[in-house]
Amino acid sequence: MSFFHFLQQNWTELLQRLNEHLWLVFISTLIAIAIGIPTGILLTRKKSLRGPILGIANVMQTIPSLALFGFLIPLPFIGGIGARTAIVALVLYSLLPIIRNTVTGILGVDPNVHEAAVAMGMTGSQVLWKVELPLAMSVIITGVRVALVIAIGVATIAAAVGAGGLGVFIFRGIRQFDNNQLLAGAVPAALLALTADFGLGLVENHFSVNRRRGAVTSSARKKLTVGAATAVAIAIITALYVGSRGSRSHPSVAQSARVVVGSKDFTESALLGEIVAQMLEARGVSVERQFELGGNLPHDALLVGKIDLYPEYTGTAYTAILKHAPITDPRAVYEQVKQEYADKFKVAVSEPLGFDNTFAILVRGAEARQLKLKTISDAVPYARNWRAGFGQDFMTRADGYPGFAEAYQLKLKERPREMDLSLTYIALASGKVDLIAGNSTEGRIAALDLIQLEDDRHYFPPYEGVYLVRQDSLTRMAALNEVLSKLAHAISTDEMRQLNYEVDANKRGQADVVRDWLKRKGL
Amino acid sequence: MSDASNNPLVEFRDVSFSHAAASAPVISHLNFSVQQGETLVLLGESGCGKTTTLKLINRLLSPTSGEVMVEGKSTAAWDPIRLRRRTGYVIQEGGLFPHFNVKRNVGLVPSLEGWDEARTNNRVDELLRIVGLEPADFARRYPGELSGGQRQRVGVARALAAEPPLLLLDEPFGALDPLTRASLQRQFVDLTRRLKKTAVFVTHDVREALLVGSHIGLMHKGQLLLLETPENFLKSKNEQALAYIETLDLAPADSHPAEGRA
């Protein structure tokens with residue numbers, strides 16, 4: 001599908017994501033201005049505060065955005081999931097350039113002019129409003145311009161906390177190896193940044209050149225003022241329009257008769273979230289979707305009650321969250337997880353859904369057939385001439401590469417390449433690497449003609465799909481019990497693979513795929 | 001100083017000033033007064049305390065000890081905003097607001113004082129004519145569009161705008177070329193006589209002091225060495241005064257450098 005064809009088909013969603021993006025950036029920049037400029041003014045009056053406050057603002061900027069989101073989620077008022085958290089993060093990133101430029105701009109006012117203003121009998125606030133701010137304005141606007149461009153960029157990561165925006169396309173594109181999606185997010189974001197930069201550059205020029213050097217005649221000055229005012233008016237109207245839509249699509253998190261369904265930021269998790277969501281909706285329950293939460297966000301969000309449930313894997317809960325050393329007995333893992341979640345978190349664990357998404361050691365089908373490879377042990381003798389590519393996750397986790405290499409006495413040609421998990425499939429299929437550790441339910445294993453080698457030494461622990469649900473949500477919402485019991489052992493590994501394939505390879509919508517599947521299963 | 005009037009416009013009573021409690025005083029034990037209609041020129045080299053003295057009058061600075069009286073009232077007792085609006089202030093290059101046009105610069109204090117627009121406009125036009133700038137040509141220009149001499153004229157017009165009884169000028173013509181400076185000096189003398197303004201004028205140029213001052217106060221290292229009329233200043237046997245008088249013979253009038261650092 002060509003990029004333009006893709007744009008035509010997804011025009012509505014693109015506009016919606018663009019709206020969300022603009023809204024996030026507009027609101028956060030507005031708040032950053034409202035906080036940053038007064039703070040900057042204060043710092044020009046209180047020299048002793050200058051170092052500490054600029055220092056703090058500086059440090060804010062160096063915090064990686066995903067880490068900041070993770071830190072914000074459990075906080076009351078400013079935290080949570082969705083637009084609010086994203087806006088808080090964006091404001092924190094935008095503050096430094098605005099504060100710094102306000103300070104620089106005001107301190108840069110010619111001391112003679114400042115003295116003249118005081119000597120004319122201006123009051124403190126008259127000096128500020130009539131002299132200091134107008135003369136510092138172009139420098140302050142430069143700060144706003146920098147903040148705005150930063151915010152447009154960082155807002156793409158807001159998709160990780162469910163705030164939407166153009167980042168949704170980018171995340172999806174990376175996960176699904178879909179350049180169209182990637183470009184649909186990246187190109188508008190870049191154009192937006194360029195436009196904002198150019199537009200504010202014009203405003204900035206207006207404040208510096210014609211006022212200070214007096215090089216522009218008064219009629220041209222008037223035209224510029226009118227032009228800038230029009231531009232600002234259009235921007236405000238657009239943002240208000242966007243805002244009214246944006247705020248409706250991001251209601252604050254539910255405490256009420258609604259169920260908030262979360263999911264991790266990959267297709268399978270989103271599909272499992274969508275399955276519960278649609279089944280609940282069919283029973284008349286109002287559902288809010290908080291899909292595509294990155295890292296440990298869904299777990300944190302569940303514990304603080306920002307979401308009611310999300311799909312998880314028993315092995316992940318057992319090792320990554322409960323911090324146990326991996327074991328291979330599925331039943332033991334499940335029971336242990338169920339027990340500890342109830343005790344520690346007051347979270348219930350549903351019956352297993354029926355599939356196991358464990359690590360799948362994959363090789364190219366052609367090679368497997370030629371060398372007659374069935375098990376991992378079969379492949380070990382050949383591996384000394386192979387290169388491997390693993391996700392960052394696999395390289396570091398307890399049940400990952402180091403233990404795996406030891407269990408099979410695996411020796412590779414060189415240190416495995418660490419890369420994005422979703423990119424390893426293509427790397428394998430295209431011969432860039434010869435062995436990867438994928439997910440056993442990955443949709444394109446068959447499509448790319450990859451073969452999963454059997455874990456003949458039973459190294460990998462089980463990763464059975466389950467839903468984690470807050471106990472209080474279960475008591476509050478009877479329909480939830482019914483839905484979860486119907487889904488027990490209802491999805492086989494093959495079925496899960498097929499569902500993933502429909503979305504990732506055939507590019508069908510998640511909601512569509514789930515609707516068909518539910519119909520077929522009579523759920 | 002002159003006359004027997006007991007009602008000086010400005011009076012320094014044993015005034016000393018230092019920037020921090022421990023540091024050496026910038027000026028010490030100043031005593032002098034300025035009567036209505038006089039132009040006192042404070043003459044001295046850089047760092048002698050003449051600008052500090054000027055700033056003590058409109059309370060840009062406050063004395064460390066002693067009292068500065070303006071219109072019979074200590075500056076400490078004045079509301080500083082009221083005091084400054086009754087005091088015209090002109091500095092080098094005029095200190096004009098670069099983002100205001102000439103009309104707004106000149107009309108600033110009247111508008112701060114709440115004059116209505118028509119009265120302010122009339123006053124601005126009147127003042128621009130007084131300093132020799134045609135309102136139709138100059139009112140809408142910005143300071144960046146003016147020559148140095150024109151900016152200085154606007155600075156003087158601005159200081160006069162709200163009809164203050166007192167003008168303070170800190171080397172107002174220091175940055176101008178000699179011909180423009182001479183012309184502005186003559187016009188200034190003319191103006192203060194005509195409008196019967198009282199002024200305190202700071203300079204390091206003895207020629208300028210002799211031309212514009214009704215009295216000359218010679219300052220050196222924070223002290224007032226003498227306070228005389230120009231005629232008596234030229235007859236003074238004071239060592240510092242003689243050093244200044246000597247320079248008059250060395251350089252022809254209009255080529256004396258503006259930066260006459262001692």
# chains A, B, ... in the order shown; residues from 1 in each chain; ligands from 1
$ interface_residues --of "chain B" --to "chain A" --cutoff "6 Å" --atoms "only C-alpha atoms" --output "list in words"
Ile81, Arg84, Arg85, Gly95, Pro98, His99, Tyr142, Gly144 and Glu145 of chain B
$ residues_around --residues "B:Arg194" --least-positions-apart "5" --cutoff "12 Å" --atoms "only C-alpha atoms" --output "list of chain:residue names"
B:Gly37, B:Ile130, B:Gln187, B:Phe188, B:Val189
$ residues_around --residues "A:Ala189" --least-positions-apart "3" --cutoff "10 Å" --atoms "only C-alpha atoms" --output "ChimeraX atom specification"
/A:18,21-22,149,152-153,155-156,165-167,183-186,192-195
$ atom_distance --atom1 "atom CA of A:Val203" --atom2 "atom CA of A:Ile141"
7.8 Å
$ residues_around --residues "B:Val156" --least-positions-apart "4" --cutoff "7 Å" --atoms "only C-alpha atoms" --output "PDB file with C-alpha atoms, in the first residue's frame"
ATOM      1  CA  VAL B  90      18.338  63.243  31.444  1.00  0.00           C
ATOM      2  CA  GLN B 152      19.368  63.931  23.193  1.00  0.00           C
ATOM      3  CA  LEU B 160      10.522  68.691  30.777  1.00  0.00           C
TER       4      LEU B 160
END
$ residues_around --residues "A:Gly509" --least-positions-apart "2" --cutoff "12 Å" --atoms "only C-alpha atoms" --output "number ranges by chain"
A: 10, 13, 172, 267, 270-271, 274, 499-507, 511-516
$ residues_around --residues "B:Thr120" --least-positions-apart "3" --cutoff "9 Å" --atoms "only C-alpha atoms" --output "PDB file with C-alpha atoms, in the first residue's frame"
ATOM      1  CA  GLY B 107       4.425  61.947  26.746  1.00  0.00           C
ATOM      2  CA  LEU B 108       5.382  59.235  29.231  1.00  0.00           C
ATOM      3  CA  PRO B 110       2.136  63.118  31.597  1.00  0.00           C
ATOM      4  CA  SER B 111       0.389  59.846  30.769  1.00  0.00           C
ATOM      5  CA  TRP B 115      -3.258  63.724  31.772  1.00  0.00           C
ATOM      6  CA  ASP B 116      -5.952  63.400  29.121  1.00  0.00           C
ATOM      7  CA  GLU B 117      -4.836  62.640  25.597  1.00  0.00           C
ATOM      8  CA  ARG B 123       2.322  69.280  25.431  1.00  0.00           C
ATOM      9  CA  VAL B 124       4.375  66.849  23.333  1.00  0.00           C
ATOM     10  CA  ASP B 125       4.072  69.073  20.250  1.00  0.00           C
ATOM     11  CA  ALA B 161       7.192  67.080  29.919  1.00  0.00           C
TER      12      ALA B 161
END
$ atom_distance --atom1 "atom CA of A:Ala83" --atom2 "atom CA of A:Leu24"
6.9 Å
$ residues_around --residues "A:Ala490" --least-positions-apart "4" --cutoff "8 Å" --atoms "only C-alpha atoms" --output "number ranges by chain"
A: 353-354, 486
$ atom_distance --atom1 "atom CA of B:Glu126" --atom2 "atom CA of A:Trp129"
28.1 Å
$ select_by_dssp --residues "stretch 39-204 of chain B" --states "strand (DSSP E)" --output "PyMOL selection string"
chain B and resi 39-43+65-70+73-74+87-91+166-170+198-203
$ write_last_selection --atoms "C-alpha atoms" --output "PDB file, in the first residue's frame"
ATOM      1  CA  THR B  39      21.912  75.769  37.289  1.00  0.00           C
ATOM      2  CA  LEU B  40      24.478  74.031  39.451  1.00  0.00           C
ATOM      3  CA  VAL B  41      27.141  72.183  37.517  1.00  0.00           C
ATOM      4  CA  LEU B  42      28.915  69.406  39.382  1.00  0.00           C
ATOM      5  CA  LEU B  43      32.356  69.170  37.767  1.00  0.00           C
ATOM      6  CA  SER B  65      24.003  59.506  56.675  1.00  0.00           C
ATOM      7  CA  GLY B  66      22.745  63.092  56.538  1.00  0.00           C
ATOM      8  CA  GLU B  67      19.677  64.391  54.724  1.00  0.00           C
ATOM      9  CA  VAL B  68      18.856  65.492  51.192  1.00  0.00           C
ATOM     10  CA  MET B  69      16.068  68.093  51.191  1.00  0.00           C
ATOM     11  CA  VAL B  70      13.966  68.704  48.085  1.00  0.00           C
ATOM     12  CA  LYS B  73      11.275  68.052  52.606  1.00  0.00           C
ATOM     13  CA  SER B  74      13.738  65.200  53.198  1.00  0.00           C
ATOM     14  CA  THR B  87      12.116  65.762  38.756  1.00  0.00           C
ATOM     15  CA  GLY B  88      13.134  65.673  35.099  1.00  0.00           C
ATOM     16  CA  TYR B  89      16.056  63.299  34.477  1.00  0.00           C
ATOM     17  CA  VAL B  90      18.338  63.243  31.444  1.00  0.00           C
ATOM     18  CA  ILE B  91      21.206  60.809  30.971  1.00  0.00           C
ATOM     19  CA  LEU B 166      13.795  70.543  38.927  1.00  0.00           C
ATOM     20  CA  LEU B 167      15.946  69.036  36.151  1.00  0.00           C
ATOM     21  CA  LEU B 168      18.755  66.538  36.772  1.00  0.00           C
ATOM     22  CA  LEU B 169      21.197  65.972  33.911  1.00  0.00           C
ATOM     23  CA  ASP B 170      24.012  63.411  33.926  1.00  0.00           C
ATOM     24  CA  THR B 198      16.336  74.883  38.256  1.00  0.00           C
ATOM     25  CA  ALA B 199      18.904  72.284  37.220  1.00  0.00           C
ATOM     26  CA  VAL B 200      21.727  70.143  38.544  1.00  0.00           C
ATOM     27  CA  PHE B 201      24.064  69.256  35.710  1.00  0.00           C
ATOM     28  CA  VAL B 202      26.892  66.736  35.921  1.00  0.00           C
ATOM     29  CA  THR B 203      29.885  66.956  33.585  1.00  0.00           C
TER      30      THR B 203
END
$ closest_residue --among "A:Glu464, A:Glu454, A:Asp494, A:Asp197" --to "A:Tyr313" --atoms "only C-alpha atoms"
A:Glu464
$ select_by_dssp --residues "stretch 41-227 of chain B" --states "alpha helix (DSSP H)" --output "PyMOL selection string"
chain B and resi 50-57+80-85+102-106+108-112+117-130+135-138+148-160+178-195+206-212
$ write_last_selection --atoms "C-alpha atoms" --output "tab-separated table (two decimals), in the first residue's frame"
chain	number	residue	atom	x	y	z
B	50	LYS	CA	29.13	63.54	41.03
B	51	THR	CA	26.67	61.04	39.52
B	52	THR	CA	26.04	59.54	42.98
B	53	THR	CA	25.25	63.04	44.22
B	54	LEU	CA	22.72	63.45	41.40
B	55	LYS	CA	21.02	60.12	42.13
B	56	LEU	CA	20.63	61.05	45.80
B	57	ILE	CA	18.39	63.94	44.74
B	80	PRO	CA	9.75	58.23	45.68
B	81	ILE	CA	7.30	57.99	42.76
B	82	ARG	CA	5.96	61.53	43.39
B	83	LEU	CA	9.47	62.86	43.91
B	84	ARG	CA	10.70	61.42	40.61
B	85	ARG	CA	7.71	62.69	38.64
B	102	VAL	CA	9.17	59.87	20.17
B	103	LYS	CA	5.65	60.94	21.08
B	104	ARG	CA	5.21	58.16	23.65
B	105	ASN	CA	8.67	58.77	25.09
B	106	VAL	CA	8.00	62.47	25.59
B	108	LEU	CA	5.38	59.24	29.23
B	109	VAL	CA	5.29	61.14	32.52
B	110	PRO	CA	2.14	63.12	31.60
B	111	SER	CA	0.39	59.85	30.77
B	112	LEU	CA	1.64	58.28	34.02
B	117	GLU	CA	-4.84	62.64	25.60
B	118	ALA	CA	-5.46	66.04	24.06
B	119	ARG	CA	-3.48	67.81	26.77
B	120	THR	CA	-0.62	65.30	26.48
B	121	ASN	CA	-0.55	65.65	22.68
B	122	ASN	CA	-0.43	69.44	22.86
B	123	ARG	CA	2.32	69.28	25.43
B	124	VAL	CA	4.37	66.85	23.33
B	125	ASP	CA	4.07	69.07	20.25
B	126	GLU	CA	4.98	72.15	22.27
B	127	LEU	CA	8.06	70.47	23.77
B	128	LEU	CA	9.28	69.04	20.49
B	129	ARG	CA	9.16	72.57	19.03
B	130	ILE	CA	11.00	73.93	22.08
B	135	PRO	CA	6.41	67.24	15.55
B	136	ALA	CA	5.05	66.29	12.13
B	137	ASP	CA	8.47	64.88	11.18
B	138	PHE	CA	9.53	63.34	14.44
B	148	GLY	CA	22.48	61.09	18.56
B	149	GLY	CA	21.73	64.82	18.79
B	150	GLN	CA	18.05	64.27	18.01
B	151	ARG	CA	17.83	61.55	20.66
B	152	GLN	CA	19.37	63.93	23.19
B	153	ARG	CA	16.82	66.63	22.32
B	154	VAL	CA	14.03	64.11	22.82
B	155	GLY	CA	15.58	63.18	26.18
B	156	VAL	CA	15.48	66.82	27.28
B	157	ALA	CA	11.91	67.20	26.01
B	158	ARG	CA	10.88	64.10	27.95
B	159	ALA	CA	12.45	65.43	31.15
B	160	LEU	CA	10.52	68.69	30.78
B	178	PRO	CA	31.61	68.65	19.19
B	179	LEU	CA	29.47	70.75	16.85
B	180	THR	CA	26.18	69.19	17.95
B	181	ARG	CA	27.28	69.41	21.56
B	182	ALA	CA	28.07	73.13	21.32
B	183	SER	CA	24.74	73.81	19.68
B	184	LEU	CA	22.79	71.86	22.31
B	185	GLN	CA	24.70	73.53	25.14
B	186	ARG	CA	23.70	76.97	23.85
B	187	GLN	CA	20.10	75.91	23.43
B	188	PHE	CA	20.06	74.42	26.91
B	189	VAL	CA	21.22	77.69	28.49
B	190	ASP	CA	18.64	79.53	26.47
B	191	LEU	CA	15.93	77.07	27.52
B	192	THR	CA	16.60	77.06	31.26
B	193	ARG	CA	16.68	80.87	31.34
B	194	ARG	CA	13.48	81.16	29.35
B	195	LEU	CA	11.59	78.52	31.35
B	206	VAL	CA	35.11	72.37	32.27
B	207	ARG	CA	34.21	74.26	29.09
B	208	GLU	CA	30.66	72.93	29.31
B	209	ALA	CA	30.55	73.78	33.03
B	210	LEU	CA	31.53	77.38	32.37
B	211	LEU	CA	29.00	77.67	29.57
B	212	VAL	CA	25.86	76.23	31.18
$ closest_atom_pairs --of "stretch 399-475 of chain A" --to "stretch 369-389 of chain A" --cutoff "8 Å" --atoms "only C-alpha atoms" --output "JSON lines"
{"residue": "A:Tyr408", "atom": "CA", "partner": "A:Ser377", "partner_atom": "CA", "distance": 6.7}
{"residue": "A:Gln409", "atom": "CA", "partner": "A:Val380", "partner_atom": "CA", "distance": 7.6}
{"residue": "A:Leu410", "atom": "CA", "partner": "A:Val380", "partner_atom": "CA", "distance": 5.8}
{"residue": "A:Lys411", "atom": "CA", "partner": "A:Arg384", "partner_atom": "CA", "distance": 5.4}
{"residue": "A:Leu412", "atom": "CA", "partner": "A:Arg384", "partner_atom": "CA", "distance": 4.4}
{"residue": "A:Lys413", "atom": "CA", "partner": "A:Arg384", "partner_atom": "CA", "distance": 4.9}
{"residue": "A:Glu414", "atom": "CA", "partner": "A:Arg387", "partner_atom": "CA", "distance": 6.3}
{"residue": "A:Arg415", "atom": "CA", "partner": "A:Ala388", "partner_atom": "CA", "distance": 7.7}
{"residue": "A:Pro416", "atom": "CA", "partner": "A:Ala388", "partner_atom": "CA", "distance": 4.8}
{"residue": "A:Arg417", "atom": "CA", "partner": "A:Gly389", "partner_atom": "CA", "distance": 4.6}
{"residue": "A:Glu418", "atom": "CA", "partner": "A:Gly389", "partner_atom": "CA", "distance": 6.0}
{"residue": "A:Met419", "atom": "CA", "partner": "A:Gly389", "partner_atom": "CA", "distance": 6.8}
{"residue": "A:Thr424", "atom": "CA", "partner": "A:Gly389", "partner_atom": "CA", "distance": 6.0}
{"residue": "A:Ala427", "atom": "CA", "partner": "A:Gly389", "partner_atom": "CA", "distance": 7.7}
{"residue": "A:Leu428", "atom": "CA", "partner": "A:Gly389", "partner_atom": "CA", "distance": 7.9}
{"residue": "A:Val433", "atom": "CA", "partner": "A:Arg387", "partner_atom": "CA", "distance": 5.1}
{"residue": "A:Asp434", "atom": "CA", "partner": "A:Arg387", "partner_atom": "CA", "distance": 5.4}
{"residue": "A:Leu435", "atom": "CA", "partner": "A:Ala388", "partner_atom": "CA", "distance": 4.7}
{"residue": "A:Ile436", "atom": "CA", "partner": "A:Gly389", "partner_atom": "CA", "distance": 5.2}
{"residue": "A:Ala437", "atom": "CA", "partner": "A:Gly389", "partner_atom": "CA", "distance": 7.6}
{"residue": "A:Leu453", "atom": "CA", "partner": "A:Thr375", "partner_atom": "CA", "distance": 4.7}
{"residue": "A:Glu454", "atom": "CA", "partner": "A:Thr375", "partner_atom": "CA", "distance": 4.3}
{"residue": "A:Asp455", "atom": "CA", "partner": "A:Ile376", "partner_atom": "CA", "distance": 6.0}
{"residue": "A:Asp456", "atom": "CA", "partner": "A:Thr375", "partner_atom": "CA", "distance": 6.0}
$ write_last_selection --atoms "N, CA and C atoms" --output "mmCIF file, in the first residue's frame"
data_model
loop_
_atom_site.group_PDB
_atom_site.id
_atom_site.type_symbol
_atom_site.label_atom_id
_atom_site.label_comp_id
_atom_site.auth_asym_id
_atom_site.auth_seq_id
_atom_site.Cartn_x
_atom_site.Cartn_y
_atom_site.Cartn_z
ATOM 1 N N TYR A 408 22.046 -24.574 27.352
ATOM 2 C CA TYR A 408 22.269 -25.331 26.108
ATOM 3 C C TYR A 408 23.736 -25.354 25.685
ATOM 4 N N GLN A 409 24.635 -24.776 26.533
ATOM 5 C CA GLN A 409 26.054 -24.686 26.151
ATOM 6 C C GLN A 409 26.190 -24.049 24.775
ATOM 7 N N LEU A 410 25.415 -22.971 24.589
ATOM 8 C CA LEU A 410 25.352 -22.313 23.286
ATOM 9 C C LEU A 410 26.534 -21.349 23.119
ATOM 10 N N LYS A 411 27.248 -21.490 22.017
ATOM 11 C CA LYS A 411 28.322 -20.538 21.717
ATOM 12 C C LYS A 411 28.056 -19.934 20.345
ATOM 13 N N LEU A 412 28.029 -18.612 20.298
ATOM 14 C CA LEU A 412 27.721 -17.920 19.045
ATOM 15 C C LEU A 412 28.990 -17.330 18.458
ATOM 16 N N LYS A 413 28.883 -16.925 17.185
ATOM 17 C CA LYS A 413 30.035 -16.367 16.490
ATOM 18 C C LYS A 413 30.489 -15.068 17.151
ATOM 19 N N GLU A 414 29.521 -14.268 17.565
ATOM 20 C CA GLU A 414 29.853 -13.011 18.253
ATOM 21 C C GLU A 414 28.758 -12.690 19.247
ATOM 22 N N ARG A 415 29.016 -11.686 20.072
ATOM 23 C CA ARG A 415 28.024 -11.277 21.068
ATOM 24 C C ARG A 415 26.712 -10.938 20.355
ATOM 25 N N PRO A 416 25.576 -11.438 20.894
ATOM 26 C CA PRO A 416 24.292 -11.165 20.235
ATOM 27 C C PRO A 416 24.034 -9.666 20.111
ATOM 28 N N ARG A 417 23.379 -9.310 19.021
ATOM 29 C CA ARG A 417 23.045 -7.907 18.833
ATOM 30 C C ARG A 417 21.776 -7.582 19.616
ATOM 31 N N GLU A 418 21.831 -6.452 20.354
ATOM 32 C CA GLU A 418 20.689 -6.046 21.154
ATOM 33 C C GLU A 418 19.857 -5.060 20.349
ATOM 34 N N MET A 419 18.598 -5.352 20.126
ATOM 35 C CA MET A 419 17.782 -4.461 19.301
ATOM 36 C C MET A 419 16.327 -4.528 19.719
ATOM 37 N N THR A 424 13.569 -7.835 15.280
ATOM 38 C CA THR A 424 14.407 -9.026 15.130
ATOM 39 C C THR A 424 13.834 -9.991 14.088
ATOM 40 N N ALA A 427 15.001 -8.924 10.823
ATOM 41 C CA ALA A 427 16.445 -9.138 10.769
ATOM 42 C C ALA A 427 16.746 -10.605 10.467
ATOM 43 N N LEU A 428 15.956 -11.514 11.074
ATOM 44 C CA LEU A 428 16.168 -12.948 10.831
ATOM 45 C C LEU A 428 15.760 -13.313 9.408
ATOM 46 N N VAL A 433 20.610 -11.684 10.825
ATOM 47 C CA VAL A 433 21.016 -12.559 11.921
ATOM 48 C C VAL A 433 20.487 -13.954 11.596
ATOM 49 N N ASP A 434 20.921 -14.957 12.387
ATOM 50 C CA ASP A 434 20.547 -16.336 12.067
ATOM 51 C C ASP A 434 19.680 -16.980 13.127
ATOM 52 N N LEU A 435 19.552 -16.324 14.302
ATOM 53 C CA LEU A 435 18.776 -16.908 15.381
ATOM 54 C C LEU A 435 18.230 -15.772 16.235
ATOM 55 N N ILE A 436 16.936 -15.887 16.571
ATOM 56 C CA ILE A 436 16.356 -14.863 17.437
ATOM 57 C C ILE A 436 15.499 -15.533 18.504
ATOM 58 N N ALA A 437 15.165 -14.735 19.527
ATOM 59 C CA ALA A 437 14.225 -15.208 20.542
ATOM 60 C C ALA A 437 12.966 -14.384 20.409
ATOM 61 N N LEU A 453 12.089 -23.636 17.230
ATOM 62 C CA LEU A 453 12.786 -24.844 17.683
ATOM 63 C C LEU A 453 12.259 -25.235 19.056
ATOM 64 N N GLU A 454 12.124 -26.539 19.248
ATOM 65 C CA GLU A 454 11.550 -27.020 20.499
ATOM 66 C C GLU A 454 12.523 -26.820 21.665
ATOM 67 N N ASP A 455 11.985 -26.385 22.800
ATOM 68 C CA ASP A 455 12.793 -26.146 24.003
ATOM 69 C C ASP A 455 12.997 -27.491 24.702
ATOM 70 N N ASP A 456 13.890 -28.349 24.117
ATOM 71 C CA ASP A 456 13.983 -29.731 24.582
ATOM 72 C C ASP A 456 14.565 -29.856 25.987
#
